[in-house]
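Participant: Sending over a structure as structure tokens; questions will come in a sec.
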Amino acid sequence: MSATRSEDWVGRALAAVIERVAVTAAEVGTRFPLYAEPADGRWTTTGRGSWTGGFWAGLLWLRARYTGEAADRRAAAACTARLAPWADADTATRGLILWYGTSPAGDDAEAAALRERAARACLSAYAPGLGLLPWGNALGGPRLLARVDGVPGTVPLLAGAGPHGAAAAAAHLHRHLELCLGAGGARRPWLRPAWRFDEAAGWQPCEDPPPGWSRGAAWLLLAVADALLLPDMARTGSARLDGAARQLLSRGGGLAGPLVPPADASRPDGPLDTSAAAITAVALLKLARVPGPRSAAYSDRAEAILRRLARDHLTGPGPGRPAGMLLDGCYDAGKEPGVRHELVWGDFFLALGLAALAGVVDITRV
């Protein structure tokens with residue numbers, strides 16, 4: 001990327017998002033932001049972080065890398081330390097929490113130690129008979145679920161736990177691909193993002209999240225992209241993973257659909273989901289680092305998505321609300337919390353994508 005482009009829209013957007021992180025940090029203190037009101041930027045927060053806590057820690061690490069300030073690094077490290085209880089929690093969202101909450105930290109020793117601890121814990125919870133790490137019961141509900149949001153982050157996290165971890169990571173990903181996309185090349189209009197295991201009937205599809213859920217394809221695409229960047233997984237299954245990536249892109253609008261998808265594909269005139277777009281952009285930036293004939297197309301599409309988000313959905317300076325808010329994220333279209341709001345994970349993936357374009361981070365390591 002040229003310096004001129006970085007100083008143009010990428011640089012301006014990244015600076016605004018990083019400044020928004022500073023404003024948020026002052027507002028939330030030791031709590032974790034979840035989603036913010038579009039009118040005034042006021043955050044709904046959680047005390048322990050829930051499944052989104054790693055994205056806030058990750059944003060603080062991205063700020064520290066952007067500014068180079070020791071105080072920002074200390075703030076990021078302190079936030080990451082507050083995620084430590086999640087390492088032993090029974091949830092596949094440890095991937096979201098403890099991969100994205102530690103990998104942007106680079107060479108920070110304490111973040112690396114927490115990531116290694118979480119990887120070992122996830123490997124211990126892996127269920128060979130099911131071929132995956134179960135969803136778990138830490139967040140409530142049935143334990144024996146397979147959900148797409150239990151795959152991103154979990155794949156590189158497990159892969160860091162030695163040869164057995166790498167094997168578990170591959171099985172975890174491929175079992176989700178078989179369930180959610182359909183085994184044997186079966187075609188469905190939309191993927192099934194969640195499945196429940198029944199001792200008598202085997203795997204059964206869940207109704208929530210619905211098949212048209214915007215983040216379904218985005219989360220799985222991100223996990224596939226991470227797998228293709230892991231040498232062991234790519235070496236043994238690159239053709240299968242590449243086919244899954246193309247199939248997921250076709251489900252999520254491909255390289256020619258809307259840059260920002262509807263939150264529910266069955267409601268094309270309903271709310272958008274900018275967070276799904278930001279996740280997809282990061283996945284595409286990762287796929288663009290995998291040698292192949294589609295690398296340039298993936299890179300161009302990722303940049304187009306990020307440019308659209310920065311141009312049409314990122315707040316600018318003005319009275320009433322902070323600049324740097326990524327609006328039009330949809331937490332849950334069905335239950336209607338945070339339908340057109342700023343979402344902490346949307347902010348994170350936008351910041352990560354912009355930071356990659358600006359050369360602040362190596363996208364293959366986060």
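Residue numbers start at 1 in each chain; chains themselves are named A, B, ... in the order of the structure tokens; ligands are numbered from 1 in the order shown.
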Ala75 in chain A: which residues within 12 Å, counting only C-alpha atoms, same-chain residues fewer than 5 positions away excluded, as a compact mmCIF listing (two decimals) with all heavy atoms, in the first residue's frame?
Facilitator:
# COMPACT_ATOMS: atom_id res chain seq x y z
N VAL A 21 -11.45 4.45 20.70
CA VAL A 21 -11.01 3.52 21.74
C VAL A 21 -10.62 4.29 23.00
O VAL A 21 -10.97 3.89 24.12
CB VAL A 21 -9.83 2.66 21.24
CG1 VAL A 21 -9.26 1.80 22.37
CG2 VAL A 21 -10.27 1.77 20.08
N ALA A 22 -9.92 5.40 22.83
CA ALA A 22 -9.51 6.20 23.99
C ALA A 22 -10.72 6.76 24.73
O ALA A 22 -10.78 6.74 25.97
CB ALA A 22 -8.60 7.34 23.53
N ALA A 25 -12.42 3.87 26.57
CA ALA A 25 -11.65 3.44 27.74
C ALA A 25 -11.92 4.35 28.93
O ALA A 25 -12.07 3.89 30.07
CB ALA A 25 -10.16 3.40 27.41
N ALA A 26 -12.00 5.64 28.68
CA ALA A 26 -12.28 6.58 29.76
C ALA A 26 -13.70 6.40 30.31
O ALA A 26 -13.94 6.59 31.50
CB ALA A 26 -12.09 8.01 29.26
N GLY A 29 -14.00 2.28 32.11
CA GLY A 29 -13.13 1.90 33.21
C GLY A 29 -12.72 0.44 33.12
O GLY A 29 -12.20 0.00 32.10
N THR A 30 -12.97 -0.32 34.18
CA THR A 30 -12.57 -1.73 34.19
C THR A 30 -13.67 -2.65 33.66
O THR A 30 -13.49 -3.88 33.66
CB THR A 30 -12.19 -2.18 35.61
OG1 THR A 30 -13.32 -1.98 36.48
CG2 THR A 30 -11.00 -1.39 36.12
N TRP A 56 -12.43 -6.20 23.16
CA TRP A 56 -12.05 -4.94 23.80
C TRP A 56 -10.56 -4.95 24.15
O TRP A 56 -9.84 -3.99 23.89
CB TRP A 56 -12.90 -4.70 25.05
CG TRP A 56 -12.53 -3.48 25.82
CD1 TRP A 56 -12.24 -3.38 27.15
CD2 TRP A 56 -12.37 -2.14 25.31
NE1 TRP A 56 -11.92 -2.09 27.50
CE2 TRP A 56 -12.00 -1.30 26.38
CE3 TRP A 56 -12.51 -1.57 24.04
CZ2 TRP A 56 -11.77 0.06 26.23
CZ3 TRP A 56 -12.28 -0.20 23.88
CH2 TRP A 56 -11.91 0.60 24.97
N ALA A 57 -10.08 -6.06 24.71
CA ALA A 57 -8.64 -6.16 24.97
C ALA A 57 -7.85 -6.01 23.67
O ALA A 57 -6.82 -5.33 23.62
CB ALA A 57 -8.32 -7.49 25.65
N GLY A 58 -8.35 -6.65 22.59
CA GLY A 58 -7.68 -6.55 21.31
C GLY A 58 -7.63 -5.12 20.79
O GLY A 58 -6.61 -4.68 20.23
N LEU A 59 -8.72 -4.38 20.96
CA LEU A 59 -8.73 -2.98 20.54
C LEU A 59 -7.70 -2.17 21.33
O LEU A 59 -7.02 -1.29 20.76
CB LEU A 59 -10.12 -2.38 20.73
CG LEU A 59 -11.11 -2.61 19.60
CD1 LEU A 59 -12.53 -2.25 20.06
CD2 LEU A 59 -10.75 -1.79 18.37
N LEU A 60 -7.59 -2.45 22.62
CA LEU A 60 -6.60 -1.73 23.41
C LEU A 60 -5.18 -2.06 22.95
O LEU A 60 -4.31 -1.18 22.93
CB LEU A 60 -6.78 -2.07 24.89
CG LEU A 60 -8.06 -1.52 25.54
CD1 LEU A 60 -8.23 -2.08 26.94
CD2 LEU A 60 -8.05 0.01 25.57
N TRP A 61 -4.93 -3.31 22.57
CA TRP A 61 -3.61 -3.66 22.03
C TRP A 61 -3.35 -2.98 20.69
O TRP A 61 -2.23 -2.52 20.42
CB TRP A 61 -3.47 -5.18 21.89
CG TRP A 61 -3.17 -5.88 23.17
CD1 TRP A 61 -3.96 -6.77 23.83
CD2 TRP A 61 -1.98 -5.74 23.97
NE1 TRP A 61 -3.35 -7.20 24.98
CE2 TRP A 61 -2.13 -6.59 25.10
CE3 TRP A 61 -0.81 -5.00 23.84
CZ2 TRP A 61 -1.15 -6.70 26.08
CZ3 TRP A 61 0.17 -5.10 24.82
CH2 TRP A 61 -0.01 -5.95 25.91
N LEU A 62 -4.38 -2.91 19.85
CA LEU A 62 -4.20 -2.21 18.57
C LEU A 62 -3.89 -0.74 18.80
O LEU A 62 -3.07 -0.14 18.10
CB LEU A 62 -5.45 -2.37 17.70
CG LEU A 62 -5.70 -3.79 17.15
CD1 LEU A 62 -7.02 -3.84 16.39
CD2 LEU A 62 -4.55 -4.25 16.25
N ARG A 63 -4.56 -0.14 19.80
CA ARG A 63 -4.24 1.26 20.13
C ARG A 63 -2.79 1.38 20.58
O ARG A 63 -2.07 2.31 20.16
CB ARG A 63 -5.18 1.78 21.22
CG ARG A 63 -4.83 3.20 21.64
CD ARG A 63 -5.72 3.75 22.74
NE ARG A 63 -5.56 3.06 24.02
CZ ARG A 63 -5.88 3.59 25.20
NH1 ARG A 63 -6.38 4.82 25.26
NH2 ARG A 63 -5.73 2.91 26.31
N ALA A 64 -2.34 0.44 21.42
CA ALA A 64 -0.97 0.51 21.92
C ALA A 64 0.03 0.38 20.78
O ALA A 64 1.07 1.07 20.76
CB ALA A 64 -0.75 -0.59 22.96
N GLU A 69 2.64 4.16 22.89
CA GLU A 69 2.72 4.71 24.24
C GLU A 69 2.75 3.62 25.29
O GLU A 69 1.95 2.68 25.26
CB GLU A 69 1.52 5.63 24.49
CG GLU A 69 1.47 6.87 23.62
CD GLU A 69 2.59 7.85 23.96
OE1 GLU A 69 3.08 7.81 25.12
OE2 GLU A 69 2.96 8.65 23.09
N ALA A 70 3.66 3.74 26.25
CA ALA A 70 3.77 2.76 27.32
C ALA A 70 2.49 2.68 28.15
O ALA A 70 2.09 1.59 28.58
CB ALA A 70 4.96 3.09 28.22
N THR A 80 -6.26 -7.49 29.41
CA THR A 80 -6.06 -8.89 29.06
C THR A 80 -5.97 -9.76 30.31
O THR A 80 -6.51 -10.87 30.34
CB THR A 80 -4.79 -9.04 28.20
OG1 THR A 80 -4.97 -8.30 26.99
CG2 THR A 80 -4.53 -10.50 27.85
N ALA A 81 -5.32 -9.26 31.34
CA ALA A 81 -5.23 -10.02 32.59
C ALA A 81 -6.61 -10.30 33.17
O ALA A 81 -6.83 -11.35 33.80
CB ALA A 81 -4.36 -9.26 33.59
N ARG A 82 -7.55 -9.38 32.97
CA ARG A 82 -8.91 -9.59 33.50
C ARG A 82 -9.66 -10.67 32.74
O ARG A 82 -10.73 -11.11 33.18
CB ARG A 82 -9.69 -8.28 33.46
CG ARG A 82 -9.16 -7.22 34.42
CD ARG A 82 -10.15 -6.11 34.65
NE ARG A 82 -10.43 -5.32 33.47
CZ ARG A 82 -9.70 -4.28 33.05
NH1 ARG A 82 -8.61 -3.93 33.72
NH2 ARG A 82 -10.04 -3.61 31.96
N ALA A 105 -1.29 -8.65 20.94
CA ALA A 105 -0.29 -8.18 21.90
C ALA A 105 1.13 -8.40 21.43
O ALA A 105 2.08 -7.95 22.08
CB ALA A 105 -0.50 -8.88 23.24
Participant: Considering only C-alpha atoms, return as a PyMOL selection string whatever protein or nucleic-acid residues lie within 10 Å of Pro33 in chain A, sequence-local ones (same chain, fewer than 4 positions apart) excluded.
Facilitator: chain A and resi 24-25+27-29+42-47+49+52-53+55-56+343-345
Participant: Got time to write the residues from that selection, N, CA, C and O atoms, as a PDB file, in the first residue's frame?
Facilitator:
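Printed below is again.pdb as written:
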ATOM      1  N   THR A  24     -13.774   5.515  24.716  1.00  0.00           N
ATOM      2  CA  THR A  24     -14.459   4.382  25.338  1.00  0.00           C
ATOM      3  C   THR A  24     -13.751   3.941  26.606  1.00  0.00           C
ATOM      4  O   THR A  24     -14.393   3.662  27.634  1.00  0.00           O
ATOM      5  N   ALA A  25     -12.418   3.868  26.571  1.00  0.00           N
ATOM      6  CA  ALA A  25     -11.652   3.441  27.744  1.00  0.00           C
ATOM      7  C   ALA A  25     -11.920   4.354  28.934  1.00  0.00           C
ATOM      8  O   ALA A  25     -12.067   3.889  30.075  1.00  0.00           O
ATOM      9  N   GLU A  27     -14.626   6.001  29.453  1.00  0.00           N
ATOM     10  CA  GLU A  27     -16.021   5.841  29.866  1.00  0.00           C
ATOM     11  C   GLU A  27     -16.241   4.553  30.643  1.00  0.00           C
ATOM     12  O   GLU A  27     -16.951   4.550  31.667  1.00  0.00           O
ATOM     13  N   VAL A  28     -15.673   3.433  30.196  1.00  0.00           N
ATOM     14  CA  VAL A  28     -16.045   2.138  30.769  1.00  0.00           C
ATOM     15  C   VAL A  28     -15.170   1.708  31.937  1.00  0.00           C
ATOM     16  O   VAL A  28     -15.560   0.811  32.700  1.00  0.00           O
ATOM     17  N   GLY A  29     -13.996   2.284  32.110  1.00  0.00           N
ATOM     18  CA  GLY A  29     -13.132   1.899  33.214  1.00  0.00           C
ATOM     19  C   GLY A  29     -12.720   0.440  33.117  1.00  0.00           C
ATOM     20  O   GLY A  29     -12.201   0.003  32.097  1.00  0.00           O
ATOM     21  N   ARG A  42     -23.312   6.049  24.004  1.00  0.00           N
ATOM     22  CA  ARG A  42     -23.270   5.508  25.366  1.00  0.00           C
ATOM     23  C   ARG A  42     -23.256   3.979  25.309  1.00  0.00           C
ATOM     24  O   ARG A  42     -24.094   3.359  24.686  1.00  0.00           O
ATOM     25  N   TRP A  43     -22.296   3.394  26.043  1.00  0.00           N
ATOM     26  CA  TRP A  43     -22.078   1.953  25.967  1.00  0.00           C
ATOM     27  C   TRP A  43     -22.925   1.183  26.972  1.00  0.00           C
ATOM     28  O   TRP A  43     -23.073   1.591  28.117  1.00  0.00           O
ATOM     29  N   THR A  44     -23.453   0.042  26.545  1.00  0.00           N
ATOM     30  CA  THR A  44     -23.900  -1.013  27.443  1.00  0.00           C
ATOM     31  C   THR A  44     -22.679  -1.875  27.728  1.00  0.00           C
ATOM     32  O   THR A  44     -21.965  -2.262  26.795  1.00  0.00           O
ATOM     33  N   THR A  45     -22.409  -2.166  29.000  1.00  0.00           N
ATOM     34  CA  THR A  45     -21.169  -2.842  29.368  1.00  0.00           C
ATOM     35  C   THR A  45     -21.447  -4.135  30.137  1.00  0.00           C
ATOM     36  O   THR A  45     -22.564  -4.388  30.583  1.00  0.00           O
ATOM     37  N   THR A  46     -20.412  -4.952  30.273  1.00  0.00           N
ATOM     38  CA  THR A  46     -20.473  -6.160  31.087  1.00  0.00           C
ATOM     39  C   THR A  46     -19.306  -6.144  32.064  1.00  0.00           C
ATOM     40  O   THR A  46     -18.266  -5.530  31.797  1.00  0.00           O
ATOM     41  N   GLY A  47     -19.484  -6.842  33.176  1.00  0.00           N
ATOM     42  CA  GLY A  47     -18.441  -6.838  34.187  1.00  0.00           C
ATOM     43  C   GLY A  47     -17.290  -7.780  33.881  1.00  0.00           C
ATOM     44  O   GLY A  47     -16.134  -7.475  34.164  1.00  0.00           O
ATOM     45  N   GLY A  49     -16.919  -9.424  30.710  1.00  0.00           N
ATOM     46  CA  GLY A  49     -16.564  -9.418  29.300  1.00  0.00           C
ATOM     47  C   GLY A  49     -17.400 -10.309  28.420  1.00  0.00           C
ATOM     48  O   GLY A  49     -17.485 -10.090  27.223  1.00  0.00           O
ATOM     49  N   THR A  52     -17.469 -11.308  24.284  1.00  0.00           N
ATOM     50  CA  THR A  52     -16.909 -10.188  23.521  1.00  0.00           C
ATOM     51  C   THR A  52     -15.706  -9.538  24.197  1.00  0.00           C
ATOM     52  O   THR A  52     -15.116  -8.616  23.635  1.00  0.00           O
ATOM     53  N   GLY A  53     -15.339 -10.001  25.391  1.00  0.00           N
ATOM     54  CA  GLY A  53     -14.290  -9.303  26.136  1.00  0.00           C
ATOM     55  C   GLY A  53     -12.956  -9.245  25.429  1.00  0.00           C
ATOM     56  O   GLY A  53     -12.211  -8.260  25.546  1.00  0.00           O
ATOM     57  N   PHE A  55     -12.388  -8.819  22.354  1.00  0.00           N
ATOM     58  CA  PHE A  55     -12.335  -7.785  21.321  1.00  0.00           C
ATOM     59  C   PHE A  55     -11.985  -6.427  21.921  1.00  0.00           C
ATOM     60  O   PHE A  55     -11.322  -5.617  21.272  1.00  0.00           O
ATOM     61  N   TRP A  56     -12.434  -6.196  23.159  1.00  0.00           N
ATOM     62  CA  TRP A  56     -12.049  -4.939  23.804  1.00  0.00           C
ATOM     63  C   TRP A  56     -10.559  -4.954  24.151  1.00  0.00           C
ATOM     64  O   TRP A  56      -9.839  -3.987  23.887  1.00  0.00           O
ATOM     65  N   LEU A 343     -20.957  -1.940  17.707  1.00  0.00           N
ATOM     66  CA  LEU A 343     -20.671  -3.198  18.391  1.00  0.00           C
ATOM     67  C   LEU A 343     -19.170  -3.310  18.609  1.00  0.00           C
ATOM     68  O   LEU A 343     -18.385  -3.008  17.703  1.00  0.00           O
ATOM     69  N   VAL A 344     -18.751  -3.783  19.773  1.00  0.00           N
ATOM     70  CA  VAL A 344     -17.326  -3.789  20.075  1.00  0.00           C
ATOM     71  C   VAL A 344     -16.560  -4.697  19.122  1.00  0.00           C
ATOM     72  O   VAL A 344     -15.429  -4.384  18.726  1.00  0.00           O
ATOM     73  N   TRP A 345     -17.165  -5.813  18.689  1.00  0.00           N
ATOM     74  CA  TRP A 345     -16.434  -6.681  17.756  1.00  0.00           C
ATOM     75  C   TRP A 345     -16.410  -6.081  16.351  1.00  0.00           C
ATOM     76  O   TRP A 345     -15.464  -6.308  15.609  1.00  0.00           O
TER      77      TRP A 345
END
Participant: What does the structure give for the distance between CA of Gly257 in chain A and CA of Val366 in chain A, in Å to one decimal?
Facilitator: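 A separation of 26.4 Å between them.
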Participant: Suppose you want the space between CA of Leu354 in chain A and CA of Ser295 in chain A; what is it in Å?
Facilitator: 18.1 Å
Participant: Mind checking which residues fall within 12 Å of Ala113 in chain A, counting only C-alpha atoms, ignoring those fewer than 3 positions away in the same chain, and posting them as a ChimeraX atom specification?
Facilitator: /A:80-81,84,87,98-99,102-103,105-110,116-120,160-161
Participant: Between CA of Pro193 in chain A and CA of Pro134 in chain A, what distance in Å does the model show, to one decimal?
Facilitator: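 Computing the Euclidean distance for CA of Pro193 in chain A and CA of Pro134 in chain A yields 14.1 Å.
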Participant: Let's see if you can do this: from backbone DSSP, list all helix (DSSP H, G or I) residues in range 12-131 of chain A, as a PyMOL selection string.
Facilitator: chain A and resi 12-28+50-67+70-81+84-88+94-98+103-105+109-125
Participant: I'd like to know which of A:Phe197, A:Asp232, A:Trp135, A:Leu145 is closest to Ala159 in chain A, using only C-alpha atoms.
Facilitator: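 Selected residue with least distance to Ala159 in chain A: A:Asp232.
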Participant: Identify, with DSSP run on backbone atoms, the residues in range 16-150 of chain A assigned to strand (DSSP E), and express the list as a list in words.
Facilitator: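 DSSP on the backbone gives strand (DSSP E) at Phe32, Pro33, Leu34, Tyr35, Ala36, Trp43, Thr44, Thr45, Thr46, Leu145, Ala146 and Arg147 of chain A.
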Participant: Counting only C-alpha atoms, figure out which residue out of A:Asp242, A:Gly136, A:Leu130, A:Ala218 gets nearest to Leu179 in chain A.
Facilitator: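 The answer is A:Leu130, which sits nearest to Leu179 in chain A.
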Participant: Using only C-alpha atoms, which of A:Ala168, A:Leu352, A:Leu314, A:Leu173 sits nearest Arg365 in chain A?
Facilitator: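 Using only C-alpha atoms, Arg365 in chain A sits closest to A:Leu352.
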Participant: Which residue gives the smallest distance to Ser250 in chain A among A:Leu191, A:Ala234, A:Leu285, A:Leu222, with only C-alpha atoms counted?
Facilitator: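 Counting only C-alpha atoms, the residue closest to Ser250 in chain A is A:Leu191.
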Participant: Can you pull out the residues contacting Leu228 in chain A? Cut-off 12 Å, using only C-alpha atoms, and skip same-chain residues under 6 positions away; I want them as an MDAnalysis selection string.
Facilitator: chainID A and resid 155:156 170 173 221:222 234:245 283:284 286:292 364
Participant: So, with only C-alpha atoms as the atoms that count, which of A:Leu309, A:Ala16, A:Met233, A:Ala39 lies closest to His341 in chain A?
Facilitator: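 When distances to His341 in chain A are compared using only C-alpha atoms, the smallest one comes from A:Ala39.
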Participant: Go through A:Lys335, A:Arg308, A:His172, A:Arg246 one by one, measure the shortest atom-to-atom distance of each to Pro209 in chain A using only C-alpha atoms, and give the residue with the smallest value.
Facilitator: A:Lys335
